[in-house]
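What follows is a short report on a single structure.
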Amino acid sequence: MNSIRTVLGLALAAAASASFAQAAPAAAAAPVTVLAAGSLRVALTEAARAFERQSGAQVRLNFGASGMLKDRLLGGEPGDLFASANMEHPQALAAAGRARAVQPFARNTLCLLGAPGFSLQGRDVAQRLLDPALRVAISTPVADPAGDYAFRFFERIESSGAGGPGSADQLKRRALQLVGGPTSPAAPPDRSLYAMLLGEGRADVFVTYCTNAAQAARENPALPVLSVPAPLEVSATYGLALLQGASPAAEAFAGFLRGEGGQAVLRGHGFSSP
């Protein structure tokens, strides 16, 4: 299976390179404008720089919560490529005639990122999160897929029997929606927003993507990262959509992200293949 993926990735990368070679003058005059999920900030920035070195094109990156980016695009904001933390938002753009076919290009999952000193205290994940004294933070549902995935995680706690009846609603009501919303603080340059908020004492634990948790822990090793038990895991599939009118350079960058070069960068930052 891996060999098949490798062959497909190489074929996509070759096709993308050929497409870009035919459009190099146009690409030089018009940077590729990408609107992308904030959780992709570090990985996609590295991938874009690699693509620029390889192709000579320029890539302009705009990061934010996927739901809000989707709304901006539906409102007419120009762009070439949309990289969402779910499949639903780019599919909504395609249904509205704003984007072409949507393809998955990366996968993520949820982890717990604790403040310094956080632990399970000898309990399982579900029972620790259900402690009414614990301040649990998530992203903003609807505006940011990470919040939607956190809600699914709470629902799985109840449906699996790890929590009692009503535990999902209890967690949803208590969860602090600290990031990913219209009035949430912006990520500081070259810093993890999660590490910053936990360092400020705004929460005891974040339910967030494992890639976000790993980045925060690299910045502050005092922040513990705990995996979610397999029965409670929630997988996040990221979707990539070329917007209507996208340039051949944008098509080439999309091909690069789905090909081996882009996938290698994504894997290096903790994402997995779709």
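As shown in the structure tokens, the chain order sets the letters A, B, ...; within each chain, residues go from 1, and ligands are also counted from 1 in the order they appear.
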
So which residues of segment 15-190 of chain A fall under strand (DSSP E or B) by DSSP, listed as a PyMOL selection string? chain A and resi 32-37+59-64+81-84+99-114+136-139+176-179

Please write the residues from the selection above to a file, keeping C-alpha atoms, as a compact mmCIF listing (two decimals), in the first residue's frame.
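Result written to out-v6.txt:
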```txt
# COMPACT_ATOMS: atom_id res chain seq x y z
CA VAL A 32 -0.70 31.87 -5.19
CA THR A 33 -3.13 33.02 -2.48
CA VAL A 34 -3.87 30.30 0.08
CA LEU A 35 -6.41 30.45 2.90
CA ALA A 36 -5.57 27.73 5.40
CA ALA A 37 -6.48 26.34 8.81
CA VAL A 59 2.84 31.66 -2.21
CA ARG A 60 0.88 34.05 -0.01
CA LEU A 61 -0.49 32.35 3.12
CA ASN A 62 -3.48 33.49 5.18
CA PHE A 63 -4.30 31.47 8.30
CA GLY A 64 -7.41 31.34 10.44
CA LEU A 81 -6.54 27.48 -2.68
CA PHE A 82 -8.40 26.59 0.51
CA ALA A 83 -6.84 24.16 3.00
CA SER A 84 -9.42 23.30 5.65
CA ALA A 99 -14.53 25.78 -5.56
CA ARG A 100 -13.69 22.75 -7.65
CA ALA A 101 -13.58 19.14 -6.46
CA VAL A 102 -12.34 18.66 -2.90
CA GLN A 103 -9.60 16.19 -2.02
CA PRO A 104 -8.30 15.04 1.38
CA PHE A 105 -4.63 15.77 1.91
CA ALA A 106 -3.80 15.28 5.60
CA ARG A 107 -5.06 13.74 8.81
CA ASN A 108 -4.79 14.81 12.43
CA THR A 109 -6.17 13.62 15.77
CA LEU A 110 -6.93 15.04 19.20
CA CYS A 111 -4.69 15.15 22.27
CA LEU A 112 -4.85 16.71 25.71
CA LEU A 113 -2.42 19.56 26.35
CA GLY A 114 -2.10 20.31 30.04
CA VAL A 136 -11.24 22.40 30.10
CA ALA A 137 -10.57 24.59 27.05
CA ILE A 138 -11.43 23.94 23.42
CA SER A 139 -11.65 25.83 20.16
CA LEU A 176 -14.08 27.23 27.69
CA GLN A 177 -14.05 28.28 24.02
CA LEU A 178 -10.79 30.20 24.15
CA VAL A 179 -9.55 30.02 20.56
```

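One distance worth recording is that between atom CA of Asn220 of chain A and atom CA of Ala143 of chain A, which is 27.3 Å.
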
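With distances restricted to only C-alpha atoms, A:Gly117 is the closest residue to Ala222 of chain A from A:Gly259, A:Gly201, A:Gly117, A:Pro248.
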
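Nearest residue to Pro185 of chain A, choosing from A:Val228, A:Glu88, A:Glu77, A:Thr140 and counting only C-alpha atoms: A:Thr140.
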
Residue contacts of Met87 of chain A (7 Å, only C-alpha atoms) excluding same-chain residues fewer than 2 positions away, as a ChimeraX atom specification: /A:84,89-91,237-239

Kindly save the residues from that selection, with C-alpha atoms included, as an mmCIF file, in the first residue's frame.
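Generated output (part21.cif):
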```
data_model
loop_
_atom_site.group_PDB
_atom_site.id
_atom_site.type_symbol
_atom_site.label_atom_id
_atom_site.label_comp_id
_atom_site.auth_asym_id
_atom_site.auth_seq_id
_atom_site.Cartn_x
_atom_site.Cartn_y
_atom_site.Cartn_z
ATOM 1 C CA SER A 84 -9.422 23.297 5.647
ATOM 2 C CA HIS A 89 -16.168 23.498 4.636
ATOM 3 C CA PRO A 90 -14.439 23.044 1.255
ATOM 4 C CA GLN A 91 -17.337 20.847 0.149
ATOM 5 C CA THR A 237 -9.452 14.775 7.833
ATOM 6 C CA TYR A 238 -8.159 17.933 6.145
ATOM 7 C CA GLY A 239 -9.586 18.945 2.766
#
```

Point out the residue among A:Asp124, A:Asp131, A:Glu46, A:Glu158 with the least atom-to-atom distance to Arg174 of chain A, counting only C-alpha atoms. A:Asp131

Suppose you want the space between atom CA of Phe154 of chain A and atom CA of Val142 of chain A; what is it in Å?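 Interatomic distance here is 15.4 Å.
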